[in-house]
file run-v3.json (JSON, C-alpha atoms)
[["chain", "number", "residue", "atom", "x", "y", "z"],
["V", 20, "MET", "CA", -5.70, -5.65, 9.37],
["V", 21, "GLN", "CA", -2.90, -3.45, 10.68],
["V", 22, "ILE", "CA", -5.23, -0.42, 10.82],
["V", 23, "MET", "CA", -7.73, -2.45, 12.84],
["V", 24, "SER", "CA", -5.12, -3.66, 15.28],
["V", 25, "LYS", "CA", -4.02, -0.06, 15.86],
["V", 26, "CYS", "CA", -7.55, 0.96, 16.88],
["V", 27, "LEU", "CA", -8.62, -2.07, 18.89],
["V", 28, "PRO", "CA", -6.74, -4.13, 21.45],
["V", 29, "LYS", "CA", -6.10, -7.68, 20.33],
["V", 30, "ILE", "CA", -8.33, -10.37, 21.79],
["V", 31, "LYS", "CA", -6.66, -13.64, 22.63],
["V", 32, "ILE", "CA", -8.96, -16.58, 22.15],
["V", 33, "ALA", "CA", -8.38, -19.64, 24.29],
["V", 34, "ASN", "CA", -9.81, -23.05, 23.52],
["V", 35, "ARG", "CA", -10.44, -26.36, 25.24],
["V", 36, "LEU", "CA", -10.07, -28.45, 22.15],
["V", 37, "HIS", "CA", -7.31, -30.65, 23.51],
["V", 38, "VAL", "CA", -9.39, -31.32, 26.65],
["V", 39, "LEU", "CA", -12.46, -32.29, 24.65],
["V", 40, "ARG", "CA", -10.35, -34.43, 22.37],
["V", 41, "ALA", "CA", -8.80, -36.20, 25.33],
["V", 42, "GLU", "CA", -12.25, -36.77, 26.82],
["V", 43, "HIS", "CA", -13.34, -38.38, 23.58],
["V", 44, "ARG", "CA", -10.06, -40.34, 23.42],
["V", 45, "MET", "CA", -9.26, -39.13, 19.94],
["V", 46, "THR", "CA", -6.04, -38.41, 18.18],
["V", 47, "GLN", "CA", -5.48, -35.12, 16.36],
["V", 48, "GLU", "CA", -5.47, -37.04, 13.09],
["V", 49, "GLN", "CA", -8.88, -38.58, 13.82],
["V", 50, "LEU", "CA", -10.42, -35.25, 14.78],
["V", 51, "ALA", "CA", -8.94, -33.61, 11.70],
["V", 52, "LYS", "CA", -10.56, -36.26, 9.51],
["V", 53, "GLU", "CA", -13.91, -35.85, 11.23],
["V", 54, "VAL", "CA", -14.07, -32.08, 10.68],
["V", 55, "GLY", "CA", -12.38, -32.10, 7.27],
["V", 56, "VAL", "CA", -9.09, -30.34, 7.92],
["V", 57, "THR", "CA", -5.44, -31.35, 8.15],
["V", 58, "ARG", "CA", -3.76, -32.47, 11.36],
["V", 59, "ALA", "CA", -1.53, -29.38, 11.20],
["V", 60, "THR", "CA", -4.63, -27.20, 11.54],
["V", 61, "ILE", "CA", -5.80, -29.05, 14.66],
["V", 62, "VAL", "CA", -2.27, -28.71, 16.08],
["V", 63, "ALA", "CA", -2.30, -24.97, 15.29],
["V", 64, "ILE", "CA", -5.75, -24.44, 16.86],
["V", 65, "GLU", "CA", -4.86, -26.36, 20.03],
["V", 66, "GLY", "CA", -1.62, -24.41, 20.37],
["V", 67, "GLY", "CA", -3.41, -21.08, 19.93],
["V", 68, "GLY", "CA", -1.47, -20.24, 16.79],
["V", 69, "TYR", "CA", -4.52, -20.22, 14.57],
["V", 70, "ASN", "CA", -8.12, -19.12, 15.16],
["V", 71, "PRO", "CA", -10.52, -21.25, 13.12],
["V", 72, "SER", "CA", -13.23, -19.79, 10.92],
["V", 73, "LEU", "CA", -16.78, -19.70, 12.22],
["V", 74, "GLU", "CA", -17.64, -22.61, 9.95],
["V", 75, "LEU", "CA", -14.90, -24.80, 11.38],
["V", 76, "ALA", "CA", -15.70, -23.66, 14.92],
["V", 77, "PHE", "CA", -19.33, -24.72, 14.45],
["V", 78, "ARG", "CA", -18.24, -28.01, 12.90],
["V", 79, "LEU", "CA", -16.08, -28.71, 15.96],
["V", 80, "ALA", "CA", -18.92, -27.76, 18.30],
["V", 81, "ARG", "CA", -21.35, -29.96, 16.41],
["V", 82, "TYR", "CA", -18.93, -32.87, 16.45],
["V", 83, "PHE", "CA", -18.45, -32.64, 20.22],
["V", 84, "LYS", "CA", -22.21, -32.00, 20.64],
["V", 85, "THR", "CA", -21.61, -28.79, 22.53],
["V", 86, "ASP", "CA", -21.77, -25.02, 21.96],
["V", 87, "LEU", "CA", -19.05, -22.61, 20.90],
["V", 88, "ASN", "CA", -18.59, -21.12, 24.37],
["V", 89, "THR", "CA", -17.63, -24.51, 25.75],
["V", 90, "ILE", "CA", -14.79, -24.81, 23.27],
["V", 91, "PHE", "CA", -13.71, -21.20, 22.75],
["V", 92, "SER", "CA", -13.47, -18.35, 25.22],
["V", 93, "ILE", "CA", -11.76, -14.99, 25.54],
["V", 94, "GLU", "CA", -8.55, -15.44, 27.50],
["V", 95, "GLU", "CA", -8.47, -13.66, 30.85],
["V", 96, "GLY", "CA", -6.58, -10.38, 30.81],
["V", 97, "SER", "CA", -7.07, -9.64, 27.11],
["V", 98, "LYS", "CA", -9.82, -7.32, 25.99],
["U", 2, "MET", "CA", -12.33, -28.27, -23.04],
["U", 3, "LYS", "CA", -10.92, -29.36, -19.69],
["U", 4, "LYS", "CA", -10.09, -32.81, -21.05],
["U", 5, "LEU", "CA", -8.49, -31.32, -24.16],
["U", 6, "ASP", "CA", -6.42, -28.94, -22.02],
["U", 7, "SER", "CA", -5.34, -31.82, -19.82],
["U", 8, "ILE", "CA", -4.27, -33.92, -22.83],
["U", 9, "LEU", "CA", -2.44, -31.00, -24.45],
["U", 10, "LEU", "CA", -0.70, -30.20, -21.16],
["U", 11, "LYS", "CA", 0.53, -33.78, -20.89],
["U", 12, "ILE", "CA", 1.77, -33.68, -24.50],
["U", 13, "PHE", "CA", 3.54, -30.39, -23.73],
["U", 14, "LEU", "CA", 5.22, -31.68, -20.56],
["U", 15, "TYR", "CA", 6.23, -35.06, -21.96],
["U", 16, "GLY", "CA", 7.33, -33.27, -25.12],
["U", 17, "ILE", "CA", 9.91, -31.10, -23.34],
["U", 18, "PRO", "CA", 12.78, -33.65, -23.72],
["U", 19, "VAL", "CA", 11.76, -34.33, -27.34],
["U", 20, "ALA", "CA", 11.60, -30.61, -28.13],
["U", 21, "THR", "CA", 14.99, -30.07, -26.45],
["U", 22, "ALA", "CA", 16.50, -32.92, -28.47],
["U", 23, "CYS", "CA", 15.00, -31.50, -31.68],
["U", 24, "ALA", "CA", 16.34, -28.03, -30.87],
["U", 25, "ILE", "CA", 19.84, -29.42, -30.21],
["U", 26, "PHE", "CA", 19.67, -31.47, -33.41],
["U", 27, "SER", "CA", 18.52, -28.49, -35.48],
["U", 28, "TYR", "CA", 21.21, -26.29, -33.91],
["U", 29, "SER", "CA", 23.97, -28.88, -34.47],
["U", 30, "TYR", "CA", 23.08, -29.46, -38.11],
["U", 31, "GLY", "CA", 22.71, -25.94, -39.44],
["U", 32, "PRO", "CA", 21.58, -24.99, -42.96],
["U", 33, "GLU", "CA", 25.19, -25.10, -44.23],
["U", 34, "PHE", "CA", 25.61, -28.72, -43.17],
["U", 35, "LEU", "CA", 22.25, -29.59, -44.65],
["U", 36, "LYS", "CA", 23.39, -28.71, -48.19],
["U", 37, "HIS", "CA", 25.72, -31.72, -48.17],
["U", 38, "ALA", "CA", 23.53, -33.96, -46.02],
["U", 39, "THR", "CA", 21.93, -37.20, -47.18],
["U", 40, "GLY", "CA", 18.19, -37.49, -47.66],
["U", 41, "TYR", "CA", 17.79, -39.32, -44.36],
["U", 42, "VAL", "CA", 19.41, -36.52, -42.33],
["U", 43, "ARG", "CA", 17.44, -33.93, -44.28],
["U", 44, "LEU", "CA", 14.21, -35.77, -43.45],
["U", 45, "LEU", "CA", 15.16, -35.90, -39.76],
["U", 46, "TYR", "CA", 16.00, -32.20, -39.82],
["U", 47, "ASN", "CA", 12.61, -31.32, -41.28],
["U", 48, "LEU", "CA", 10.86, -33.62, -38.83],
["U", 49, "ALA", "CA", 12.69, -31.99, -35.90],
["U", 50, "GLY", "CA", 11.61, -28.59, -37.20],
["U", 51, "LEU", "CA", 8.00, -29.72, -37.42],
["U", 52, "VAL", "CA", 8.04, -31.20, -33.90],
["U", 53, "LEU", "CA", 9.60, -28.01, -32.53],
["U", 54, "ALA", "CA", 7.03, -25.84, -34.32],
["U", 55, "PHE", "CA", 4.17, -27.98, -32.97],
["U", 56, "TRP", "CA", 5.60, -27.81, -29.41],
["U", 57, "MET", "CA", 6.00, -24.03, -29.65],
["U", 58, "MET", "CA", 2.42, -23.61, -30.90],
["U", 59, "LEU", "CA", 1.29, -25.78, -28.00],
["U", 60, "ALA", "CA", 3.27, -23.59, -25.56],
["U", 61, "LEU", "CA", 1.58, -20.46, -26.94],
["U", 62, "TYR", "CA", -1.89, -22.04, -26.79],
["U", 63, "LEU", "CA", -1.40, -23.19, -23.21],
["U", 64, "SER", "CA", -0.06, -19.76, -22.19],
["U", 65, "VAL", "CA", -3.22, -18.13, -23.55],
["U", 66, "ARG", "CA", -5.38, -20.73, -21.76],
["U", 67, "LEU", "CA", -3.53, -19.88, -18.53],
["U", 68, "LEU", "CA", -4.48, -16.26, -19.03],
["U", 69, "ILE", "CA", -8.16, -16.78, -19.78],
["U", 70, "SER", "CA", -9.19, -19.94, -17.94],
["U", 71, "GLY", "CA", -9.37, -19.63, -14.16],
["U", 72, "SER", "CA", -9.76, -23.35, -13.47],
["U", 73, "PHE", "CA", -6.88, -24.29, -15.79],
["U", 74, "ARG", "CA", -4.70, -21.63, -14.17],
["U", 75, "ASP", "CA", -5.48, -22.91, -10.68],
["U", 76, "LYS", "CA", -4.77, -26.47, -11.71],
["U", 77, "VAL", "CA", -1.48, -25.86, -13.51],
["U", 78, "LEU", "CA", 0.06, -23.00, -11.54],
["U", 79, "ALA", "CA", -0.88, -24.54, -8.19],
["U", 80, "LYS", "CA", 1.21, -27.57, -9.15],
["U", 81, "LEU", "CA", 4.02, -25.47, -10.58],
["U", 82, "THR", "CA", 4.32, -23.28, -7.48],
["U", 83, "PHE", "CA", 3.61, -26.13, -5.00],
["U", 84, "ILE", "CA", 0.52, -24.34, -3.63],
["U", 85, "ARG", "CA", -1.38, -26.58, -1.24],
["U", 86, "GLU", "CA", -4.82, -25.49, -0.07],
["U", 87, "ARG", "CA", -6.09, -28.55, 1.73],
["U", 88, "ASP", "CA", -8.03, -26.64, 4.36],
["U", 89, "GLU", "CA", -8.90, -23.12, 5.54],
["U", 90, "ARG", "CA", -5.64, -22.58, 7.46],
["U", 91, "GLU", "CA", -3.61, -23.30, 4.33],
["U", 92, "VAL", "CA", -5.88, -20.97, 2.34],
["U", 93, "VAL", "CA", -5.11, -18.20, 4.85],
["U", 94, "LEU", "CA", -1.38, -18.96, 4.69],
["U", 95, "THR", "CA", -1.51, -19.02, 0.87],
["U", 96, "GLY", "CA", -3.15, -15.58, 0.92],
["U", 97, "LYS", "CA", -0.49, -14.16, 3.21],
["U", 98, "ALA", "CA", 2.37, -15.74, 1.25],
["U", 99, "THR", "CA", 0.88, -14.52, -2.04],
["U", 100, "LYS", "CA", 0.60, -10.99, -0.65],
["U", 101, "THR", "CA", 4.27, -11.06, 0.37],
["U", 102, "THR", "CA", 5.27, -12.42, -3.03],
["U", 103, "PHE", "CA", 3.19, -9.84, -4.88],
["U", 104, "LEU", "CA", 4.61, -6.92, -2.90],
["U", 105, "THR", "CA", 8.22, -8.07, -3.16],
["U", 106, "SER", "CA", 7.80, -8.72, -6.90],
["U", 107, "LEU", "CA", 6.33, -5.24, -7.29],
["U", 108, "ALA", "CA", 9.29, -3.79, -5.38],
["U", 109, "ILE", "CA", 11.68, -5.63, -7.70],
["U", 110, "LEU", "CA", 9.79, -4.40, -10.76],
["U", 111, "ILE", "CA", 9.92, -0.79, -9.53],
["U", 112, "PHE", "CA", 13.65, -1.21, -8.84],
["U", 113, "LEU", "CA", 14.22, -2.68, -12.31],
["U", 114, "PHE", "CA", 12.13, 0.09, -13.89],
["U", 115, "PHE", "CA", 14.32, 2.79, -12.39],
["U", 116, "LEU", "CA", 17.47, 0.87, -13.23],
["U", 117, "SER", "CA", 16.33, 0.64, -16.85],
["U", 118, "CYS", "CA", 15.51, 4.37, -16.97],
["U", 119, "PHE", "CA", 18.71, 5.72, -15.49],
["U", 120, "GLN", "CA", 21.55, 6.68, -17.78],
["U", 121, "VAL", "CA", 24.95, 7.54, -16.35],
["U", 122, "SER", "CA", 28.05, 8.34, -18.33],
["U", 123, "ILE", "CA", 31.48, 9.39, -17.14],
["U", 124, "TYR", "CA", 33.76, 10.52, -19.92],
["U", 125, "ARG", "CA", 36.62, 12.74, -20.99],
["U", 126, "VAL", "CA", 36.21, 15.31, -23.74],
["U", 127, "SER", "CA", 38.94, 16.54, -26.03],
["U", 128, "PRO", "CA", 41.08, 19.39, -24.59],
["U", 129, "GLY", "CA", 39.54, 21.77, -27.15],
["U", 130, "LYS", "CA", 36.09, 21.29, -25.57],
["U", 131, "ALA", "CA", 37.28, 21.47, -21.98],
["U", 132, "VAL", "CA", 35.39, 23.74, -19.59],
["U", 133, "ASP", "CA", 37.69, 25.72, -17.28],
["U", 134, "GLY", "CA", 40.46, 23.38, -18.31],
["U", 135, "LYS", "CA", 38.56, 20.36, -17.00],
["U", 136, "THR", "CA", 38.16, 17.50, -19.42],
["U", 137, "GLY", "CA", 36.33, 15.06, -17.12],
["U", 138, "ALA", "CA", 32.53, 15.10, -17.34],
["U", 139, "ILE", "CA", 29.62, 13.22, -15.90],
["U", 140, "SER", "CA", 26.30, 12.96, -17.66],
["U", 141, "LEU", "CA", 23.09, 11.88, -15.92],
["U", 142, "GLY", "CA", 19.85, 11.16, -17.71],
["U", 143, "LEU", "CA", 16.50, 9.44, -17.69],
["U", 144, "GLY", "CA", 15.37, 7.47, -20.69],
["U", 145, "PHE", "CA", 11.98, 5.89, -21.31],
["U", 146, "SER", "CA", 10.69, 4.36, -24.50],
["U", 147, "LEU", "CA", 7.73, 2.10, -25.15],
["U", 148, "LEU", "CA", 9.38, 0.20, -27.98],
["U", 149, "GLU", "CA", 12.88, -1.24, -28.07],
["U", 150, "SER", "CA", 13.53, 0.14, -31.58],
["U", 151, "SER", "CA", 12.42, 3.67, -30.69],
["U", 152, "LYS", "CA", 15.39, 4.25, -28.39],
["U", 153, "GLN", "CA", 17.14, 7.35, -29.65],
["U", 154, "ALA", "CA", 20.82, 7.90, -29.57],
["U", 155, "ASN", "CA", 22.05, 10.37, -26.99],
["U", 156, "PRO", "CA", 23.09, 13.61, -28.79],
["U", 157, "ASN", "CA", 26.20, 13.66, -26.59],
["U", 158, "ASP", "CA", 27.32, 10.48, -28.34],
["U", 159, "THR", "CA", 28.16, 12.49, -31.42],
["U", 160, "MET", "CA", 30.67, 14.48, -29.41],
["U", 161, "GLN", "CA", 34.25, 13.44, -29.53],
["U", 162, "LYS", "CA", 34.70, 11.86, -26.13],
["U", 163, "LYS", "CA", 36.39, 9.00, -24.37],
["U", 164, "ASP", "CA", 34.00, 6.98, -22.24],
["U", 165, "LEU", "CA", 35.37, 6.00, -18.82],
["U", 166, "PHE", "CA", 32.10, 4.51, -17.62],
["U", 167, "SER", "CA", 28.77, 4.29, -19.32],
["U", 168, "TYR", "CA", 25.46, 2.90, -18.09],
["U", 169, "THR", "CA", 22.41, 3.19, -20.32],
["U", 170, "GLY", "CA", 19.92, 0.78, -18.83],
["U", 171, "LEU", "CA", 19.82, -2.84, -17.75],
["U", 172, "PRO", "CA", 22.53, -4.92, -19.38],
["U", 173, "ILE", "CA", 20.47, -8.13, -19.13],
["U", 174, "SER", "CA", 17.95, -9.19, -21.73],
["U", 175, "THR", "CA", 14.16, -8.97, -21.37],
["U", 176, "THR", "CA", 13.93, -12.77, -21.47],
["U", 177, "ALA", "CA", 16.38, -13.07, -18.59],
["U", 178, "VAL", "CA", 14.45, -10.50, -16.54],
["U", 179, "ILE", "CA", 11.17, -12.39, -17.11],
["U", 180, "LEU", "CA", 12.80, -15.72, -16.22],
["U", 181, "VAL", "CA", 14.34, -14.25, -13.05],
["U", 182, "LEU", "CA", 10.94, -12.85, -12.04],
["U", 183, "ILE", "CA", 9.20, -16.21, -12.58],
["U", 184, "ILE", "CA", 11.82, -18.03, -10.50],
["U", 185, "TRP", "CA", 11.71, -15.28, -7.87],
["U", 186, "GLN", "CA", 7.93, -15.59, -7.52],
["U", 187, "ILE", "CA", 8.09, -19.35, -6.99],
["U", 188, "ILE", "CA", 10.97, -19.13, -4.50],
["U", 189, "SER", "CA", 9.48, -16.15, -2.66],
["U", 190, "TYR", "CA", 6.06, -17.81, -2.35],
["U", 191, "ASN", "CA", 7.48, -21.07, -1.02],
["U", 192, "TYR", "CA", 9.82, -19.29, 1.38],
["U", 193, "SER", "CA", 6.98, -17.10, 2.73],
["U", 194, "MET", "CA", 4.72, -20.14, 3.10],
["U", 195, "ARG", "CA", 7.39, -22.02, 5.05],
["U", 196, "ARG", "CA", 8.13, -18.98, 7.22],
["U", 197, "LEU", "CA", 4.45, -18.45, 8.01],
["U", 198, "SER", "CA", 3.97, -22.12, 8.89],
["U", 199, "ARG", "CA", 6.99, -21.93, 11.19],
["U", 200, "SER", "CA", 5.74, -18.72, 12.82],
["U", 201, "ILE", "CA", 2.47, -20.46, 13.73],
["U", 202, "GLU", "CA", 4.45, -23.35, 15.22],
["U", 203, "GLY", "CA", 6.58, -20.77, 17.03],
["U", 204, "ASP", "CA", 3.47, -19.12, 18.49],
["U", 205, "MET", "CA", 2.36, -22.48, 19.81],
["U", 206, "LEU", "CA", 5.63, -23.07, 21.63],
["U", 207, "LYS", "CA", 5.41, -19.72, 23.47]]
call {"tool": "encode", "arguments": {"input": "run-v3.json", "output": "C-alpha cells"}}
result
Amino acid sequence: MQIMSKCLPKIKIANRLHVLRAEHRMTQEQLAKEVGVTRATIVAIEGGGYNPSLELAFRLARYFKTDLNTIFSIEEGSK
Amino acid sequence: MKKLDSILLKIFLYGIPVATACAIFSYSYGPEFLKHATGYVRLLYNLAGLVLAFWMMLALYLSVRLLISGSFRDKVLAKLTFIRERDEREVVLTGKATKTTFLTSLAILIFLFFLSCFQVSIYRVSPGKAVDGKTGAISLGLGFSLLESSKQANPNDTMQKKDLFSYTGLPISTTAVILVLIIWQIISYNYSMRRLSRSIEGDMLK
C-alpha cells in the first residue's frame, strides 16, 4: 500500500450519502440496518474517513435506486 | 465436533475456579500432611488430584483444537481478544490492528532472542593471572542452544575469578515470557484497534 502511494497520487473520494439520506429522511442507524453495516461505518463513510468496498457501494446505490456516480465522485483538485 | 468443543470449552471455563481450588487444596495439604490425614481428607485430596488432572487434559485438548480447527480458533480467540468484525470496516480495522500487533510482537521476539543470546561478564582475576598488572576483565559472548539442558558451562568459569557483574541470558522463565507475549498481543491489538477507530473519527473532523 505504501509502495503504491509513492507511485500514484492519492485520490480523494467525495460522497453525497448524507444528502441522499436526508432526502429519504433516514437516520444513520436506519440506513446502516438497510445495507447491513454498523452505524459507525455509515458515520465514517459520510465523514470521508472510510471508503466503502464496491459491494457496499453498490448496495447503497441499489438502496437509493441510483448509480454509483450519483453517490460517489472524485473530489475536485485531487488526481 | 463443534458441539463437543463448545461443551468442553464451557466445562473448561466454568472449571477454572474449581481447578484453582483443587490446586490450592493439593498445595496446602502436601504428601507429608497426608500421611497423618484421616480417610476423608485423603479421599478429598485424591479427588482434587483427579479433577486437576481432568482439567489439565482438557486444557491440552482445547489447545490442540485451537491449533488445528480454524472455526474453533475464530470463535474462541475472537472472544478472548475482543475482536469484533460486524461489518467490512471493522474487518479492515482488524486487519490493520493485527498487522501492527504481529510486527510489534515480532520486534519483541527478536529483541528477546538477542537478549537471551548475549552473555556479558565483568570480573576480577587473581593477581597471578593479571595481564599488564590489570586484574579487571570483561568477557562478551554469544550463546545459542536448542535445548535447555544442552547449555554448556563457559570455560572461563573454571578460572579463579571474582564476578562483579554477570549476564548470561534472560533471567525470567520461559513461562513468564510466553505469558507476557500473550498479554502483550491482546493489549497491543486492542490499543491499535482503538487508535485506528479514533484516527478515522479524527479524519472526519478535519
call {"tool": "residues_around", "arguments": {"input": "run-v3.json", "residues": "Arg87 (chain U)", "least_positions_apart": "3", "cutoff": "12 Å", "atoms": "all atoms listed in the file", "output": "list in words"}}
result
Ala51, Lys52, Gly55, Val56, Thr57, Arg58, Ala59 and Thr60 of chain V; Ala79, Ile84, Arg90, Glu91, Val92, Val93, Leu94 and Thr95 of chain U
call {"tool": "residues_around", "arguments": {"input": "run-v3.json", "residues": "Ile90 (chain V)", "least_positions_apart": "2", "cutoff": "8 Å", "atoms": "only C-alpha atoms", "output": "JSON list (two decimals) with C-alpha atoms, in the coordinates of the input"}}
result
[["chain", "number", "residue", "atom", "x", "y", "z"],
["V", 34, "ASN", "CA", -9.81, -23.05, 23.52],
["V", 35, "ARG", "CA", -10.44, -26.36, 25.24],
["V", 36, "LEU", "CA", -10.07, -28.45, 22.15],
["V", 39, "LEU", "CA", -12.46, -32.29, 24.65],
["V", 80, "ALA", "CA", -18.92, -27.76, 18.30],
["V", 85, "THR", "CA", -21.61, -28.79, 22.53],
["V", 86, "ASP", "CA", -21.77, -25.02, 21.96],
["V", 87, "LEU", "CA", -19.05, -22.61, 20.90],
["V", 88, "ASN", "CA", -18.59, -21.12, 24.37],
["V", 92, "SER", "CA", -13.47, -18.35, 25.22]]
call {"tool": "residues_near_point", "arguments": {"input": "run-v3.json", "point": "(-17.8, -38.3, 25.5)", "cutoff": "12 Å", "atoms": "all atoms listed in the file", "output": "PyMOL selection string"}}
result
chain V and resi 38-45+82-85
call {"tool": "interface_residues", "arguments": {"input": "run-v3.json", "of": "chain V", "to": "chain U", "cutoff": "6 Å", "atoms": "all atoms listed in the file", "output": "mmCIF file with C-alpha atoms, in the frame of the given file"}}
result
data_model
loop_
_atom_site.group_PDB
_atom_site.id
_atom_site.type_symbol
_atom_site.label_atom_id
_atom_site.label_comp_id
_atom_site.auth_asym_id
_atom_site.auth_seq_id
_atom_site.Cartn_x
_atom_site.Cartn_y
_atom_site.Cartn_z
ATOM 1 C CA VAL V 56 -9.090 -30.340 7.920
ATOM 2 C CA GLY V 66 -1.620 -24.410 20.370
ATOM 3 C CA GLY V 67 -3.410 -21.080 19.930
ATOM 4 C CA GLY V 68 -1.470 -20.240 16.790
#
call {"tool": "atom_distance", "arguments": {"input": "run-v3.json", "atom1": "CA of Ala33 (chain V)", "atom2": "CA of Ile93 (chain V)"}}
result
5.9 Å
